[in-house]
Amino acid sequence: MNLVERIAKWVGVDVSSANRPEVVEFKTLMEAARAAKRAERFDEALALFDKAALSAEQLRDTQGMSVIRLHRADIYIQIGDLAEAQTLINLVGNTLEPTVASAPRAYARVSQGVINLARGDVEGARAAFEEAQSIAQKAHSLGAEGRAMGYLGGMYLSEGNASYAVHLLREALPKLNASGDLELSAYFITDLARALIAAGDIQEADQLLSRGLRLAEQIESRRDLRRLHLLLGQRALDLGRYADSYNHYEKALQFIDDGAPNQALALRNVATACLYLEKIEDARVYAERAYAANPDDLTARGTLGIILQASGRSAEAVPYLEAAAAGDAAEDATRALASAYADTGQFDRAVQMLEAAAKHAHDASLPVEQARALRDLGHLYLRSNHLSDAIKVWMQAVALYEDNSHHAQAARLLCDIGGARVQLGHTSRAYRDYEQALMLLSSANDPGTRGVVLSNAANMYVDRGDSKPPRRSSRRRSRLRSRPATPAPRRPAVAIWGGSCCKPAAMNAPRTRSTTRWS
């Protein structure tokens, strides 16, 4: 502080450089430009960075110019103009002393690594990130070091080394936080959550995803909001939390431009979530949009076929499903095709297809897919009034669902088993199935499943003349009564997968709400 500044401070006047009008203007422009960049308003961001560059030149702020060029390079990387991004990074390198370790040099090497990744040069990217980490450590730049380690962690995750990815990302995030460099924090939090999921630490992963979403919302980062909602939507779909999945995909679509590569995926999955929620017409609209966006995509064809079949248009669905079932990883389409064959009178062919699908899933160590095939096979047996065969395969499916923490699906299927046992006259055993379904509700964490199970259980007790469930489950019932839910209206069981009404064989069978889902 010079003598003038000291005197000014004594008399209460701030004349420090940070409060000079041109410095304030530069900072204001930079913050506005960064905000536009995070919102993916790239033209606006570039224009603001241009204005900030003029201010930096007037201030003779060489480091500020380097920061602006790196921000501009990042924008060009995101829009795919790698040549322009490389030119800007080269300019940063040319203005820095080549033998001096500095924060701008470290950040420049990080950007070079990102360009190399975009070009498919994995080893070049790794070398650039490792060099950036080394330079950042010498320059005591925690922000650049955190970025380099975060990107390295993402690379190891993509290579299947989740444990080392967790190690790097755990170290990267505190460095970014300490430096105040939060632009990529939500991005790397998401990668850490993905690595933890791959390593089997689901609870911490879910906590991190919630934290990342809050941060992305706080800084209004469109890229991170899109990425997080897509990941959360997929996780919820995989776990049977259909309403959550629908909500996340709906939000993700708000951040996806028309024609973007991930638009078709989001549309397919939100269509599937709608199907789970029995929003059949919405599901069809989304599926048709996904198919129109890419008619050659077998998965899009399969999704549309599944929804057409679920809405009772099985003959129309068959061509779509046959094309999709011929592709790789087409389990859903194969099961829907079997149901479509059954709907169109090819019952034996449908049974054989589901039996083969269950065996294939078993041989491929895909227990949840095996459970889904067995579930649908049971519904075919139910349609042909082979109730004992249906119960047998359903019990196998329930065991597979529970072993893999798919509690909502297990609870729904137990209601189907209970209904089948009542039709066979095995009422006491049916009570135990409903009790088991009720006990799974606390683990299912799905309001739709809760309503279905409570409705089916209540209907059975009422139709059998019981005012309350068996005495030995009273402790569980007291907990359920503390969380009341409005039971769904009674109606005949409708198999969503087949689009047909599976009426009870016995006239005195309890009224049940359909539990079948593509899940």
# chains A, B, ... in the order shown; residues from 1 in each chain; ligands from 1
$ closest_atom_pairs --of "segment 70-136 of chain A" --to "segment 39-54 of chain A" --cutoff "12 Å" --atoms "only C-alpha atoms" --output "tab-separated table"
residue	atom	partner	partner_atom	distance
A:Leu70	CA	A:Phe49	CA	10.5
A:His71	CA	A:Phe49	CA	8.2
A:Arg72	CA	A:Leu46	CA	6.6
A:Ala73	CA	A:Leu46	CA	10.0
A:Asp74	CA	A:Phe42	CA	10.4
A:Ile75	CA	A:Phe42	CA	6.8
A:Tyr76	CA	A:Phe42	CA	8.8
A:Ile77	CA	A:Phe42	CA	11.2
A:Gln78	CA	A:Glu40	CA	9.1
A:Ile79	CA	A:Phe42	CA	8.5
$ closest_atom_pairs --of "segment 155-264 of chain A" --to "segment 449-453 of chain A" --cutoff "12 Å" --atoms "only C-alpha atoms" --output "tab-separated table"
residue	atom	partner	partner_atom	distance
A:Gly240	CA	A:Thr449	CA	9.0
A:Arg241	CA	A:Thr449	CA	8.9
A:Tyr242	CA	A:Thr449	CA	9.5
A:Ala243	CA	A:Thr449	CA	10.5
$ atom_distance --atom1 "atom CA of Gly448 of chain A" --atom2 "atom CA of Asp244 of chain A"
10.6 Å
$ atom_distance --atom1 "atom CA of Asp224 of chain A" --atom2 "atom CA of Leu253 of chain A"
12.9 Å
$ residues_around --residues "segment 161-177 of chain A" --least-positions-apart "5" --cutoff "9 Å" --atoms "only C-alpha atoms" --output "MDAnalysis selection string"
chainID A and resid 141:156 182:185 188:189 191:199
$ closest_residue --among "A:Glu402, A:Glu369, A:Asp258, A:Glu278" --to "Thr334 of chain A" --atoms "only C-alpha atoms"
A:Glu369
$ residues_around --residues "Ala330 of chain A" --least-positions-apart "4" --cutoff "9 Å" --atoms "only C-alpha atoms" --output "PDB file with C-alpha atoms, in the first residue's frame"
ATOM      1  CA  LEU A 298     -33.257 -50.125 -33.098  1.00  0.00           C
ATOM      2  CA  THR A 299     -33.765 -49.084 -29.496  1.00  0.00           C
ATOM      3  CA  GLY A 302     -38.214 -51.227 -29.756  1.00  0.00           C
ATOM      4  CA  ALA A 324     -35.491 -54.388 -32.263  1.00  0.00           C
ATOM      5  CA  ALA A 325     -35.319 -57.934 -30.869  1.00  0.00           C
ATOM      6  CA  ALA A 326     -32.808 -58.844 -33.566  1.00  0.00           C
ATOM      7  CA  THR A 334     -37.936 -59.538 -26.830  1.00  0.00           C
ATOM      8  CA  ARG A 335     -40.322 -59.747 -23.885  1.00  0.00           C
TER       9      ARG A 335
END
$ atom_distance --atom1 "atom CA of Arg222 of chain A" --atom2 "atom CA of Cys274 of chain A"
24.5 Å
$ residues_around --residues "Asp389 of chain A" --least-positions-apart "5" --cutoff "12 Å" --atoms "only C-alpha atoms" --output "PyMOL selection string"
chain A and resi 351+374-375+377-384+394-396+417+420-421+424
$ write_last_selection --atoms "all heavy atoms" --output "compact mmCIF listing (two decimals), in the first residue's frame"
# COMPACT_ATOMS: atom_id res chain seq x y z
N VAL A 351 -44.36 -68.45 -25.35
CA VAL A 351 -43.79 -69.16 -24.21
C VAL A 351 -42.34 -69.56 -24.48
O VAL A 351 -41.45 -69.37 -23.65
CB VAL A 351 -44.65 -70.39 -23.86
CG1 VAL A 351 -43.93 -71.27 -22.83
CG2 VAL A 351 -46.01 -69.95 -23.31
N LEU A 374 -39.06 -64.17 -16.44
CA LEU A 374 -39.88 -65.12 -15.67
C LEU A 374 -41.21 -64.49 -15.27
O LEU A 374 -42.25 -65.15 -15.28
CB LEU A 374 -39.10 -65.55 -14.42
CG LEU A 374 -37.88 -66.45 -14.68
CD1 LEU A 374 -37.08 -66.61 -13.40
CD2 LEU A 374 -38.32 -67.81 -15.22
N ARG A 375 -41.18 -63.22 -14.91
CA ARG A 375 -42.42 -62.51 -14.56
C ARG A 375 -43.39 -62.55 -15.73
O ARG A 375 -44.58 -62.90 -15.56
CB ARG A 375 -42.10 -61.06 -14.21
CG ARG A 375 -43.31 -60.19 -13.94
CD ARG A 375 -42.98 -58.73 -14.16
NE ARG A 375 -42.59 -58.47 -15.53
CZ ARG A 375 -42.00 -57.35 -15.95
NH1 ARG A 375 -41.73 -56.40 -15.08
NH2 ARG A 375 -41.69 -57.19 -17.23
N LEU A 377 -43.36 -64.57 -18.29
CA LEU A 377 -43.74 -65.96 -18.55
C LEU A 377 -44.88 -66.37 -17.63
O LEU A 377 -45.84 -67.04 -18.05
CB LEU A 377 -42.53 -66.88 -18.35
CG LEU A 377 -42.74 -68.37 -18.62
CD1 LEU A 377 -43.22 -68.61 -20.04
CD2 LEU A 377 -41.45 -69.15 -18.33
N GLY A 378 -44.80 -65.95 -16.37
CA GLY A 378 -45.89 -66.24 -15.44
C GLY A 378 -47.20 -65.65 -15.88
O GLY A 378 -48.26 -66.27 -15.72
N HIS A 379 -47.16 -64.47 -16.44
CA HIS A 379 -48.40 -63.85 -16.90
C HIS A 379 -48.97 -64.57 -18.12
O HIS A 379 -50.20 -64.61 -18.30
CB HIS A 379 -48.17 -62.37 -17.20
CG HIS A 379 -48.18 -61.53 -15.96
ND1 HIS A 379 -49.32 -61.26 -15.25
CD2 HIS A 379 -47.17 -60.92 -15.28
CE1 HIS A 379 -49.03 -60.52 -14.20
NE2 HIS A 379 -47.73 -60.31 -14.19
N LEU A 380 -48.10 -65.16 -18.93
CA LEU A 380 -48.63 -65.99 -20.02
C LEU A 380 -49.33 -67.22 -19.44
O LEU A 380 -50.40 -67.61 -19.92
CB LEU A 380 -47.49 -66.43 -20.94
CG LEU A 380 -46.92 -65.38 -21.89
CD1 LEU A 380 -45.91 -66.02 -22.83
CD2 LEU A 380 -48.00 -64.70 -22.70
N TYR A 381 -48.72 -67.84 -18.44
CA TYR A 381 -49.37 -68.99 -17.80
C TYR A 381 -50.70 -68.58 -17.17
O TYR A 381 -51.68 -69.33 -17.20
CB TYR A 381 -48.45 -69.59 -16.74
CG TYR A 381 -47.25 -70.32 -17.28
CD1 TYR A 381 -46.01 -70.22 -16.68
CD2 TYR A 381 -47.37 -71.15 -18.41
CE1 TYR A 381 -44.89 -70.90 -17.16
CE2 TYR A 381 -46.26 -71.83 -18.91
CZ TYR A 381 -45.03 -71.70 -18.29
OH TYR A 381 -43.94 -72.37 -18.77
N LEU A 382 -50.74 -67.40 -16.58
CA LEU A 382 -51.98 -66.92 -15.97
C LEU A 382 -53.06 -66.78 -17.03
O LEU A 382 -54.22 -67.15 -16.80
CB LEU A 382 -51.73 -65.57 -15.29
CG LEU A 382 -52.94 -64.91 -14.63
CD1 LEU A 382 -53.38 -65.72 -13.41
CD2 LEU A 382 -52.61 -63.48 -14.22
N ARG A 383 -52.70 -66.26 -18.19
CA ARG A 383 -53.69 -66.08 -19.26
C ARG A 383 -54.27 -67.40 -19.73
O ARG A 383 -55.42 -67.46 -20.17
CB ARG A 383 -53.04 -65.33 -20.43
CG ARG A 383 -52.69 -63.90 -20.12
CD ARG A 383 -51.89 -63.26 -21.23
NE ARG A 383 -52.65 -63.05 -22.45
CZ ARG A 383 -52.20 -62.39 -23.50
NH1 ARG A 383 -50.99 -61.86 -23.48
NH2 ARG A 383 -52.96 -62.24 -24.56
N SER A 384 -53.47 -68.46 -19.63
CA SER A 384 -53.96 -69.78 -20.06
C SER A 384 -54.50 -70.59 -18.88
O SER A 384 -54.77 -71.78 -19.03
CB SER A 384 -52.84 -70.56 -20.75
OG SER A 384 -51.76 -70.76 -19.85
N TRP A 394 -43.07 -67.13 -10.92
CA TRP A 394 -43.11 -65.84 -10.22
C TRP A 394 -42.29 -65.89 -8.94
O TRP A 394 -41.62 -64.92 -8.60
CB TRP A 394 -44.55 -65.47 -9.89
CG TRP A 394 -45.29 -64.85 -11.05
CD1 TRP A 394 -44.75 -64.29 -12.17
CD2 TRP A 394 -46.70 -64.74 -11.19
NE1 TRP A 394 -45.73 -63.84 -13.00
CE2 TRP A 394 -46.95 -64.09 -12.43
CE3 TRP A 394 -47.79 -65.12 -10.41
CZ2 TRP A 394 -48.23 -63.81 -12.88
CZ3 TRP A 394 -49.07 -64.84 -10.85
CH2 TRP A 394 -49.30 -64.20 -12.08
N MET A 395 -42.34 -67.00 -8.22
CA MET A 395 -41.55 -67.12 -7.00
C MET A 395 -40.06 -67.03 -7.31
O MET A 395 -39.28 -66.42 -6.57
CB MET A 395 -41.87 -68.43 -6.29
CG MET A 395 -43.26 -68.48 -5.68
SD MET A 395 -43.53 -67.22 -4.40
CE MET A 395 -42.39 -67.78 -3.13
N GLN A 396 -39.64 -67.62 -8.42
CA GLN A 396 -38.24 -67.49 -8.85
C GLN A 396 -37.91 -66.03 -9.14
O GLN A 396 -36.84 -65.53 -8.77
CB GLN A 396 -37.99 -68.35 -10.09
CG GLN A 396 -38.15 -69.84 -9.88
CD GLN A 396 -37.98 -70.60 -11.20
OE1 GLN A 396 -37.03 -70.36 -11.95
NE2 GLN A 396 -38.91 -71.50 -11.48
N ILE A 417 -48.94 -63.07 -7.11
CA ILE A 417 -48.88 -64.44 -6.57
C ILE A 417 -50.03 -64.67 -5.59
O ILE A 417 -50.71 -65.71 -5.61
CB ILE A 417 -47.51 -64.68 -5.89
CG1 ILE A 417 -46.40 -64.67 -6.95
CG2 ILE A 417 -47.51 -66.00 -5.13
CD1 ILE A 417 -45.00 -64.66 -6.36
N ALA A 420 -53.25 -65.20 -7.43
CA ALA A 420 -53.32 -66.53 -8.05
C ALA A 420 -53.58 -67.61 -7.01
O ALA A 420 -54.34 -68.56 -7.25
CB ALA A 420 -52.01 -66.81 -8.80
N ARG A 421 -52.97 -67.48 -5.83
CA ARG A 421 -53.20 -68.49 -4.78
C ARG A 421 -54.67 -68.49 -4.34
O ARG A 421 -55.25 -69.55 -4.06
CB ARG A 421 -52.29 -68.21 -3.60
CG ARG A 421 -50.83 -68.50 -3.86
CD ARG A 421 -50.08 -68.56 -2.54
NE ARG A 421 -48.65 -68.40 -2.72
CZ ARG A 421 -47.81 -69.39 -3.06
NH1 ARG A 421 -48.29 -70.60 -3.32
NH2 ARG A 421 -46.52 -69.15 -3.18
N LEU A 424 -56.72 -70.44 -6.54
CA LEU A 424 -56.52 -71.88 -6.33
C LEU A 424 -57.11 -72.35 -5.01
O LEU A 424 -57.06 -73.54 -4.69
CB LEU A 424 -55.03 -72.21 -6.37
CG LEU A 424 -54.34 -72.10 -7.74
CD1 LEU A 424 -52.84 -72.24 -7.59
CD2 LEU A 424 -54.89 -73.17 -8.69
$ residues_around --residues "Ile89 of chain A" --least-positions-apart "4" --cutoff "8 Å" --atoms "only C-alpha atoms" --output "list in words"
Arg69, Leu70, Ala73, Ala85, Gly93, Ala108, Ser111 and Gln112 of chain A
$ write_last_selection --atoms "C-alpha atoms" --output "PDB file, in the first residue's frame"
ATOM      1  CA  ARG A  69      -8.567 -17.061 -23.822  1.00  0.00           C
ATOM      2  CA  LEU A  70      -8.947 -20.257 -21.811  1.00  0.00           C
ATOM      3  CA  ALA A  73     -11.224 -22.120 -25.764  1.00  0.00           C
ATOM      4  CA  ALA A  85      -9.814 -23.789 -29.302  1.00  0.00           C
ATOM      5  CA  GLY A  93       1.348 -20.769 -24.162  1.00  0.00           C
ATOM      6  CA  ALA A 108      -3.650 -24.305 -20.365  1.00  0.00           C
ATOM      7  CA  SER A 111      -7.473 -27.406 -21.617  1.00  0.00           C
ATOM      8  CA  GLN A 112      -5.046 -29.181 -23.927  1.00  0.00           C
TER       9      GLN A 112
END
$ residues_around --residues "Asn262 of chain A" --least-positions-apart "3" --cutoff "12 Å" --atoms "only C-alpha atoms" --output "MDAnalysis selection string"
chainID A and resid 226:227 230:231 249 252:253 255:259 265:269 290 293:294
$ write_last_selection --atoms "N, CA and C atoms" --output "mmCIF file, in the first residue's frame"
data_model
loop_
_atom_site.group_PDB
_atom_site.id
_atom_site.type_symbol
_atom_site.label_atom_id
_atom_site.label_comp_id
_atom_site.auth_asym_id
_atom_site.auth_seq_id
_atom_site.Cartn_x
_atom_site.Cartn_y
_atom_site.Cartn_z
ATOM 1 N N ARG A 226 -28.286 -30.892 -17.022
ATOM 2 C CA ARG A 226 -28.665 -31.907 -18.014
ATOM 3 C C ARG A 226 -28.055 -33.266 -17.648
ATOM 4 N N ARG A 227 -26.776 -33.244 -17.364
ATOM 5 C CA ARG A 227 -26.053 -34.488 -17.077
ATOM 6 C C ARG A 227 -26.588 -35.171 -15.814
ATOM 7 N N LEU A 230 -30.206 -36.574 -16.307
ATOM 8 C CA LEU A 230 -30.159 -37.809 -17.103
ATOM 9 C C LEU A 230 -29.700 -38.986 -16.258
ATOM 10 N N LEU A 231 -28.655 -38.777 -15.466
ATOM 11 C CA LEU A 231 -28.143 -39.859 -14.629
ATOM 12 C C LEU A 231 -29.151 -40.244 -13.547
ATOM 13 N N TYR A 249 -36.301 -36.972 -16.104
ATOM 14 C CA TYR A 249 -36.183 -36.910 -17.568
ATOM 15 C C TYR A 249 -36.921 -35.696 -18.138
ATOM 16 N N ALA A 252 -34.529 -32.958 -17.600
ATOM 17 C CA ALA A 252 -33.385 -33.086 -18.501
ATOM 18 C C ALA A 252 -33.720 -32.588 -19.897
ATOM 19 N N LEU A 253 -34.933 -32.885 -20.367
ATOM 20 C CA LEU A 253 -35.329 -32.466 -21.713
ATOM 21 C C LEU A 253 -35.381 -30.947 -21.849
ATOM 22 N N PHE A 255 -33.133 -29.055 -20.869
ATOM 23 C CA PHE A 255 -31.754 -28.616 -21.096
ATOM 24 C C PHE A 255 -31.120 -29.304 -22.296
ATOM 25 N N ILE A 256 -31.931 -29.969 -23.107
ATOM 26 C CA ILE A 256 -31.424 -30.673 -24.292
ATOM 27 C C ILE A 256 -31.973 -30.000 -25.535
ATOM 28 N N ASP A 257 -31.099 -29.610 -26.431
ATOM 29 C CA ASP A 257 -31.522 -28.968 -27.675
ATOM 30 C C ASP A 257 -32.043 -30.010 -28.668
ATOM 31 N N ASP A 258 -32.936 -29.586 -29.545
ATOM 32 C CA ASP A 258 -33.434 -30.478 -30.595
ATOM 33 C C ASP A 258 -32.279 -30.975 -31.452
ATOM 34 N N GLY A 259 -32.260 -32.275 -31.694
ATOM 35 C CA GLY A 259 -31.220 -32.865 -32.514
ATOM 36 C C GLY A 259 -29.958 -33.227 -31.758
ATOM 37 N N LEU A 265 -32.214 -40.584 -26.450
ATOM 38 C CA LEU A 265 -32.142 -41.404 -25.243
ATOM 39 C C LEU A 265 -33.125 -40.899 -24.186
ATOM 40 N N ALA A 266 -33.144 -39.590 -23.970
ATOM 41 C CA ALA A 266 -34.045 -39.030 -22.963
ATOM 42 C C ALA A 266 -35.503 -39.277 -23.346
ATOM 43 N N LEU A 267 -35.834 -39.108 -24.620
ATOM 44 C CA LEU A 267 -37.209 -39.326 -25.059
ATOM 45 C C LEU A 267 -37.629 -40.786 -24.899
ATOM 46 N N ARG A 268 -36.710 -41.700 -25.237
ATOM 47 C CA ARG A 268 -37.023 -43.128 -25.067
ATOM 48 C C ARG A 268 -37.282 -43.451 -23.602
ATOM 49 N N ASN A 269 -36.417 -42.936 -22.747
ATOM 50 C CA ASN A 269 -36.539 -43.298 -21.340
ATOM 51 C C ASN A 269 -37.731 -42.626 -20.655
ATOM 52 N N ALA A 290 -39.058 -39.958 -30.314
ATOM 53 C CA ALA A 290 -37.740 -40.589 -30.330
ATOM 54 C C ALA A 290 -37.506 -41.324 -31.645
ATOM 55 N N ALA A 293 -36.905 -38.916 -34.504
ATOM 56 C CA ALA A 293 -35.580 -38.295 -34.454
ATOM 57 C C ALA A 293 -34.516 -39.196 -35.060
ATOM 58 N N ASN A 294 -34.724 -40.518 -34.969
ATOM 59 C CA ASN A 294 -33.724 -41.447 -35.514
ATOM 60 C C ASN A 294 -34.404 -42.773 -35.854
#
